[in-house]
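Q: Sending over a structure as structure tokens; questions will come in a sec.
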Amino acid sequence: MRIVLVGPPGAGKGTQAKIIAGRLSIPAISTGDIFRANVGAGTPLGLQAKGFMDAGQLVPDEVTIGMVRDRLAEPDVTNGFLLDGFPRNVAQAEELEAILVGLGTKLDVVLELAVPAEEVVHRIAGRRLCRNDSTHIFHVDFNPPSVPGVCDVCGGELYQRDDDKEETVRERLAVYERETSPIVGFYDERGLLATVQATGTLDEVTERALSALDDR
Ligand code: AP5
Ligand code: MG
């Protein structure tokens with residue numbers, strides 16, 4: 001299956017992406033994770049992206065789209081993929097359509113994770129990520145590690161993202177409303193949209209998401 005996951009910051013995209021992609025044996029591709037890995041490694045791409053990320057702004061399309069085009073040319077995506085955090089505006093959605101046409105394929109479904117704004121603020125405030133692998137995501141209250149500050153999966157150190165400061169989160173939410181939320185209508189018009197209520201426990205959200213995929 002070829003899936004796009006969309007939803008505001010803190011909706012649980014990264015958390016659910018890892019679980020759903022694991023169940024379907026397809027790669028989860030997060031543009032945010034790719035940028036964070038490049039920032040951590042100090043690559044030219046990371047240096048280019050960091051300022052935008054720290055300001056809560058989108059990294060420019062010419063950087064992001066090329067990165068995704070290269071990733072979708074890799075052999076592990078031939079049986080499907082789950083994109084987390086891309087596309088993030090209508091221009092990226094149109095480019096993704098063109099990239100997939102070029103590959104002779106198309107999306108099967110766009111899963112929207114719907115969560116009220118006050119809930120995402122609480123989720124982001126308590127989020128902790130693993131330094132070794134930013135797909136290992138915890139929450140101090142809602143999904144706590146067994147030992148505070150230590151990753152259950154690999155023993156790595158847990159940390160708080162630089163862009164999870166309150167004022168940056170507010171900007172990211174505003175950018176989501178202004179730039180990203182229009183892609184929900186874009187995909188609805190194409191008959192691809194499935195909206196999942198992403199409140200409740202992690203397991204409840206996973207069950208809803210998997211049953212929305214089954215209905216396709
Ligand atoms: P990105 O990394 O994609 O950040 P985001 O979209 O803001 O989303 P988050 O990662 O903050 O939230 P999430 O939905 O993954 O939630 P999570 O699962 O962690 O992007 C970062 C930046 O990179 C952007 O600002 C931009 O600069 C740049 N960028 C990325 N893609 C780009 C693009 N396409 N174009 C341009 N720029 C781009 O969950 C959050 C917390 O809640 C966790 O602690 C988790 O444990 C907890 N949680 C999860 N589910 C539940 C639940 N059901 N109940 C309670 N808690 C829960
Ligand atoms: Mg994420």
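Chains: A, B, ... in order of the structure tokens. Residues: from 1 per chain. Ligands: from 1, in order shown.
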Report as a Markdown table: every residue of segment 64-178 of chain A with an atom at most 12 Å from segment 13-27 of chain A, its closest pair of atoms, and their distance in Å to one decimal, counting only C-alpha atoms, with rows sorted by chain and ascending residue number.
A:
| residue | atom | partner | partner_atom | distance |
| --- | --- | --- | --- | --- |
| A:Arg71 | CA | A:Pro27 | CA | 10.7 |
| A:Leu72 | CA | A:Pro27 | CA | 10.5 |
| A:Glu74 | CA | A:Pro27 | CA | 10.8 |
| A:Pro75 | CA | A:Pro27 | CA | 10.7 |
| A:Asp76 | CA | A:Pro27 | CA | 7.2 |
| A:Val77 | CA | A:Pro27 | CA | 6.8 |
| A:Thr78 | CA | A:Ile26 | CA | 9.1 |
| A:Asn79 | CA | A:Ile26 | CA | 7.0 |
| A:Gly80 | CA | A:Ile26 | CA | 5.7 |
| A:Phe81 | CA | A:Pro27 | CA | 5.1 |
| A:Leu82 | CA | A:Pro27 | CA | 6.3 |
| A:Leu83 | CA | A:Ala17 | CA | 8.1 |
| A:Asp84 | CA | A:Lys13 | CA | 6.3 |
| A:Gly85 | CA | A:Lys13 | CA | 7.8 |
| A:Phe86 | CA | A:Lys13 | CA | 11.1 |
| A:Leu111 | CA | A:Lys13 | CA | 9.7 |
| A:Glu112 | CA | A:Lys13 | CA | 9.2 |
| A:Leu113 | CA | A:Lys13 | CA | 7.3 |
| A:Ala114 | CA | A:Lys13 | CA | 10.4 |
| A:Val115 | CA | A:Lys13 | CA | 11.0 |
| A:Val120 | CA | A:Lys13 | CA | 11.4 |
| A:Arg123 | CA | A:Thr15 | CA | 11.5 |
| A:Arg127 | CA | A:Thr15 | CA | 10.8 |
| A:Arg128 | CA | A:Thr15 | CA | 11.7 |
| A:Leu129 | CA | A:Gly14 | CA | 10.8 |
| A:Asp133 | CA | A:Lys18 | CA | 11.9 |
| A:Ser134 | CA | A:Gly14 | CA | 9.0 |
| A:Thr135 | CA | A:Gly14 | CA | 6.7 |
| A:His136 | CA | A:Thr15 | CA | 8.1 |
| A:Ile137 | CA | A:Thr15 | CA | 6.4 |
| A:Phe138 | CA | A:Thr15 | CA | 8.6 |
| A:His139 | CA | A:Thr15 | CA | 10.5 |
| A:Phe142 | CA | A:Thr15 | CA | 11.9 |
| A:Asn143 | CA | A:Thr15 | CA | 10.2 |
Q: Write out as a list in words the residues lying within 12 Å of Gln48 of chain A, counting only C-alpha atoms and excluding same-chain residues fewer than 5 positions away.
A: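 Contacts, with the query itself left out: Phe35, Arg36, Asn38, Val39, Gly42, Thr43, Met53, Asp54, Leu58, Val59, Pro60, Glu62, Val63 and Thr64 of chain A.
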Q: What lies within 9 Å of segment 176-192 of chain A using only C-alpha atoms, ignoring chain neighbours under 4 positions off, as number ranges by chain?
A: A: 6-9, 58, 87-90, 93, 107-112, 171-172
Q: Determine which residues of segment 97-162 of chain A DSSP labels as alpha helix (DSSP H) from the backbone of this structure, then write them out as a PDB file with C-alpha atoms, in the first residue's frame.
A:
ATOM      1  CA  GLU A  97       1.508  13.007  -7.807  1.00  0.00           C
ATOM      2  CA  ALA A  98       3.946  13.701 -10.643  1.00  0.00           C
ATOM      3  CA  ILE A  99       6.742  11.646  -9.044  1.00  0.00           C
ATOM      4  CA  LEU A 100       4.389   8.677  -8.628  1.00  0.00           C
ATOM      5  CA  VAL A 101       3.103   9.000 -12.215  1.00  0.00           C
ATOM      6  CA  GLY A 102       6.759   8.866 -13.281  1.00  0.00           C
ATOM      7  CA  ALA A 117      -5.090  21.692  19.353  1.00  0.00           C
ATOM      8  CA  GLU A 118      -5.017  21.617  23.199  1.00  0.00           C
ATOM      9  CA  GLU A 119      -4.255  17.894  23.123  1.00  0.00           C
ATOM     10  CA  VAL A 120      -1.311  18.252  20.710  1.00  0.00           C
ATOM     11  CA  VAL A 121       0.265  20.919  22.918  1.00  0.00           C
ATOM     12  CA  HIS A 122       0.203  18.483  25.867  1.00  0.00           C
ATOM     13  CA  ARG A 123       1.562  15.651  23.721  1.00  0.00           C
ATOM     14  CA  ILE A 124       4.448  17.726  22.408  1.00  0.00           C
ATOM     15  CA  ALA A 125       5.365  19.144  25.834  1.00  0.00           C
TER      16      ALA A 125
END
Q: Please, what distance in Å, to one decimal, runs between atom 3 (O, counted along the ligand's line) of ligand 1 and atom CA of Ala212 of chain A?
A: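 A separation of 21.9 Å between them.
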Q: What's the separation between atom 15 (O, counted along the ligand's line) of ligand 1 and atom CA of Ala11 of chain A, in Å to one decimal place?
A: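 Between these atoms lies a distance of 6.3 Å.
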Q: When distances are computed from only C-alpha atoms and all ligand atoms, which of A:Ile3, A:Leu96, A:Val153, A:Ile29 shows the smallest separation from ligand 2?
A: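 Smallest separation from ligand 2 among the options: A:Ile29.
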Q: For atom 50 (N, counted along the ligand's line) of ligand 1 and atom CA of Pro144 of chain A, determine how far apart the two atoms are, in Å to one decimal place.
A: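 Going from atom 50 (N, counted along the ligand's line) of ligand 1 over to atom CA of Pro144 of chain A covers 11.6 Å.
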Q: Can you list every residue in segment 119-173 of chain A that DSSP puts in strand (DSSP E), as a PDB file with all heavy atoms, in the first residue's frame?
A:
ATOM      1  N   ARG A 127       6.874  15.003  25.037  1.00  0.00           N
ATOM      2  CA  ARG A 127       7.533  14.063  24.113  1.00  0.00           C
ATOM      3  C   ARG A 127       9.031  13.960  24.407  1.00  0.00           C
ATOM      4  O   ARG A 127       9.709  14.940  24.667  1.00  0.00           O
ATOM      5  CB  ARG A 127       7.353  14.534  22.673  1.00  0.00           C
ATOM      6  CG  ARG A 127       8.215  13.701  21.711  1.00  0.00           C
ATOM      7  CD  ARG A 127       7.869  13.883  20.272  1.00  0.00           C
ATOM      8  NE  ARG A 127       7.795  15.265  19.883  1.00  0.00           N
ATOM      9  CZ  ARG A 127       7.194  15.667  18.780  1.00  0.00           C
ATOM     10  NH1 ARG A 127       6.638  14.803  17.974  1.00  0.00           N
ATOM     11  NH2 ARG A 127       7.162  16.942  18.480  1.00  0.00           N
ATOM     12  N   ARG A 128       9.563  12.760  24.316  1.00  0.00           N
ATOM     13  CA  ARG A 128      11.010  12.532  24.390  1.00  0.00           C
ATOM     14  C   ARG A 128      11.395  11.585  23.251  1.00  0.00           C
ATOM     15  O   ARG A 128      10.684  10.618  22.984  1.00  0.00           O
ATOM     16  CB  ARG A 128      11.408  11.897  25.733  1.00  0.00           C
ATOM     17  CG  ARG A 128      11.056  12.724  26.967  1.00  0.00           C
ATOM     18  CD  ARG A 128      11.871  14.026  27.080  1.00  0.00           C
ATOM     19  NE  ARG A 128      11.519  14.770  28.282  1.00  0.00           N
ATOM     20  CZ  ARG A 128      10.561  15.695  28.352  1.00  0.00           C
ATOM     21  NH1 ARG A 128       9.850  16.007  27.289  1.00  0.00           N
ATOM     22  NH2 ARG A 128      10.319  16.325  29.497  1.00  0.00           N
ATOM     23  N   LEU A 129      12.526  11.894  22.610  1.00  0.00           N
ATOM     24  CA  LEU A 129      13.013  11.079  21.489  1.00  0.00           C
ATOM     25  C   LEU A 129      14.362  10.476  21.850  1.00  0.00           C
ATOM     26  O   LEU A 129      15.115  11.033  22.643  1.00  0.00           O
ATOM     27  CB  LEU A 129      13.254  11.945  20.245  1.00  0.00           C
ATOM     28  CG  LEU A 129      12.110  12.630  19.547  1.00  0.00           C
ATOM     29  CD1 LEU A 129      12.618  13.258  18.262  1.00  0.00           C
ATOM     30  CD2 LEU A 129      10.992  11.656  19.242  1.00  0.00           C
ATOM     31  N   CYS A 130      14.689   9.364  21.183  1.00  0.00           N
ATOM     32  CA  CYS A 130      15.973   8.705  21.407  1.00  0.00           C
ATOM     33  C   CYS A 130      17.057   9.344  20.543  1.00  0.00           C
ATOM     34  O   CYS A 130      16.838   9.579  19.350  1.00  0.00           O
ATOM     35  CB  CYS A 130      15.818   7.221  21.049  1.00  0.00           C
ATOM     36  SG  CYS A 130      17.349   6.316  21.194  1.00  0.00           S
ATOM     37  N   ILE A 137       9.957   6.935  19.974  1.00  0.00           N
ATOM     38  CA  ILE A 137       9.268   8.116  20.512  1.00  0.00           C
ATOM     39  C   ILE A 137       8.548   7.750  21.811  1.00  0.00           C
ATOM     40  O   ILE A 137       7.809   6.767  21.843  1.00  0.00           O
ATOM     41  CB  ILE A 137       8.230   8.647  19.487  1.00  0.00           C
ATOM     42  CG1 ILE A 137       8.894   8.932  18.133  1.00  0.00           C
ATOM     43  CG2 ILE A 137       7.540   9.906  20.028  1.00  0.00           C
ATOM     44  CD1 ILE A 137       7.887   9.162  16.995  1.00  0.00           C
ATOM     45  N   PHE A 138       8.727   8.566  22.850  1.00  0.00           N
ATOM     46  CA  PHE A 138       8.083   8.323  24.145  1.00  0.00           C
ATOM     47  C   PHE A 138       7.342   9.577  24.600  1.00  0.00           C
ATOM     48  O   PHE A 138       7.478  10.643  23.991  1.00  0.00           O
ATOM     49  CB  PHE A 138       9.136   7.931  25.201  1.00  0.00           C
ATOM     50  CG  PHE A 138       9.870   6.663  24.835  1.00  0.00           C
ATOM     51  CD1 PHE A 138      11.011   6.702  24.034  1.00  0.00           C
ATOM     52  CD2 PHE A 138       9.388   5.439  25.261  1.00  0.00           C
ATOM     53  CE1 PHE A 138      11.662   5.533  23.672  1.00  0.00           C
ATOM     54  CE2 PHE A 138      10.037   4.264  24.904  1.00  0.00           C
ATOM     55  CZ  PHE A 138      11.178   4.312  24.108  1.00  0.00           C
ATOM     56  N   HIS A 139       6.573   9.415  25.681  1.00  0.00           N
ATOM     57  CA  HIS A 139       5.925  10.564  26.302  1.00  0.00           C
ATOM     58  C   HIS A 139       6.013  10.361  27.811  1.00  0.00           C
ATOM     59  O   HIS A 139       5.753   9.258  28.295  1.00  0.00           O
ATOM     60  CB  HIS A 139       4.459  10.663  25.869  1.00  0.00           C
ATOM     61  CG  HIS A 139       3.826  11.951  26.273  1.00  0.00           C
ATOM     62  ND1 HIS A 139       3.412  12.201  27.565  1.00  0.00           N
ATOM     63  CD2 HIS A 139       3.562  13.087  25.569  1.00  0.00           C
ATOM     64  CE1 HIS A 139       2.905  13.418  27.634  1.00  0.00           C
ATOM     65  NE2 HIS A 139       2.983  13.982  26.442  1.00  0.00           N
ATOM     66  N   LEU A 158      17.341   9.775  26.043  1.00  0.00           N
ATOM     67  CA  LEU A 158      16.156  10.471  25.540  1.00  0.00           C
ATOM     68  C   LEU A 158      16.355  11.979  25.666  1.00  0.00           C
ATOM     69  O   LEU A 158      16.977  12.448  26.619  1.00  0.00           O
ATOM     70  CB  LEU A 158      14.909  10.034  26.304  1.00  0.00           C
ATOM     71  CG  LEU A 158      14.561   8.548  26.215  1.00  0.00           C
ATOM     72  CD1 LEU A 158      13.269   8.255  26.986  1.00  0.00           C
ATOM     73  CD2 LEU A 158      14.418   8.084  24.764  1.00  0.00           C
ATOM     74  N   TYR A 159      15.828  12.722  24.697  1.00  0.00           N
ATOM     75  CA  TYR A 159      15.981  14.179  24.721  1.00  0.00           C
ATOM     76  C   TYR A 159      14.708  14.836  24.177  1.00  0.00           C
ATOM     77  O   TYR A 159      13.853  14.173  23.587  1.00  0.00           O
ATOM     78  CB  TYR A 159      17.204  14.604  23.895  1.00  0.00           C
ATOM     79  CG  TYR A 159      16.976  14.560  22.397  1.00  0.00           C
ATOM     80  CD1 TYR A 159      16.795  15.736  21.669  1.00  0.00           C
ATOM     81  CD2 TYR A 159      16.921  13.358  21.713  1.00  0.00           C
ATOM     82  CE1 TYR A 159      16.578  15.702  20.293  1.00  0.00           C
ATOM     83  CE2 TYR A 159      16.702  13.312  20.338  1.00  0.00           C
ATOM     84  CZ  TYR A 159      16.533  14.483  19.640  1.00  0.00           C
ATOM     85  OH  TYR A 159      16.298  14.459  18.281  1.00  0.00           O
TER      86      TYR A 159
END
Q: Would you please work out which residue, of A:Gly12, A:Gly46, A:Pro145, A:Gly126, is nearest to Thr206 of chain A when using only C-alpha atoms?
A: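 Distance minimum relative to Thr206 of chain A lands on A:Gly12.
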Q: Which one is closest to Cys151 of chain A: A:Leu202, A:Asn132, A:Gln92, A:Asp70? Count only C-alpha atoms.
A: A:Asn132
Q: Using only C-alpha atoms and all ligand atoms, find the one residue out of A:Met1, A:Asp215, A:Lys106, A:Glu204 that sits nearest to ligand 1.
A: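 Using only C-alpha atoms and all ligand atoms, ligand 1 sits closest to A:Glu204.
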Q: Taking only C-alpha atoms and all ligand atoms into account, name the residue in A:Val4, A:Leu193, A:Ala49, A:Ala28 that is nearest to ligand 1.
A: A:Ala49
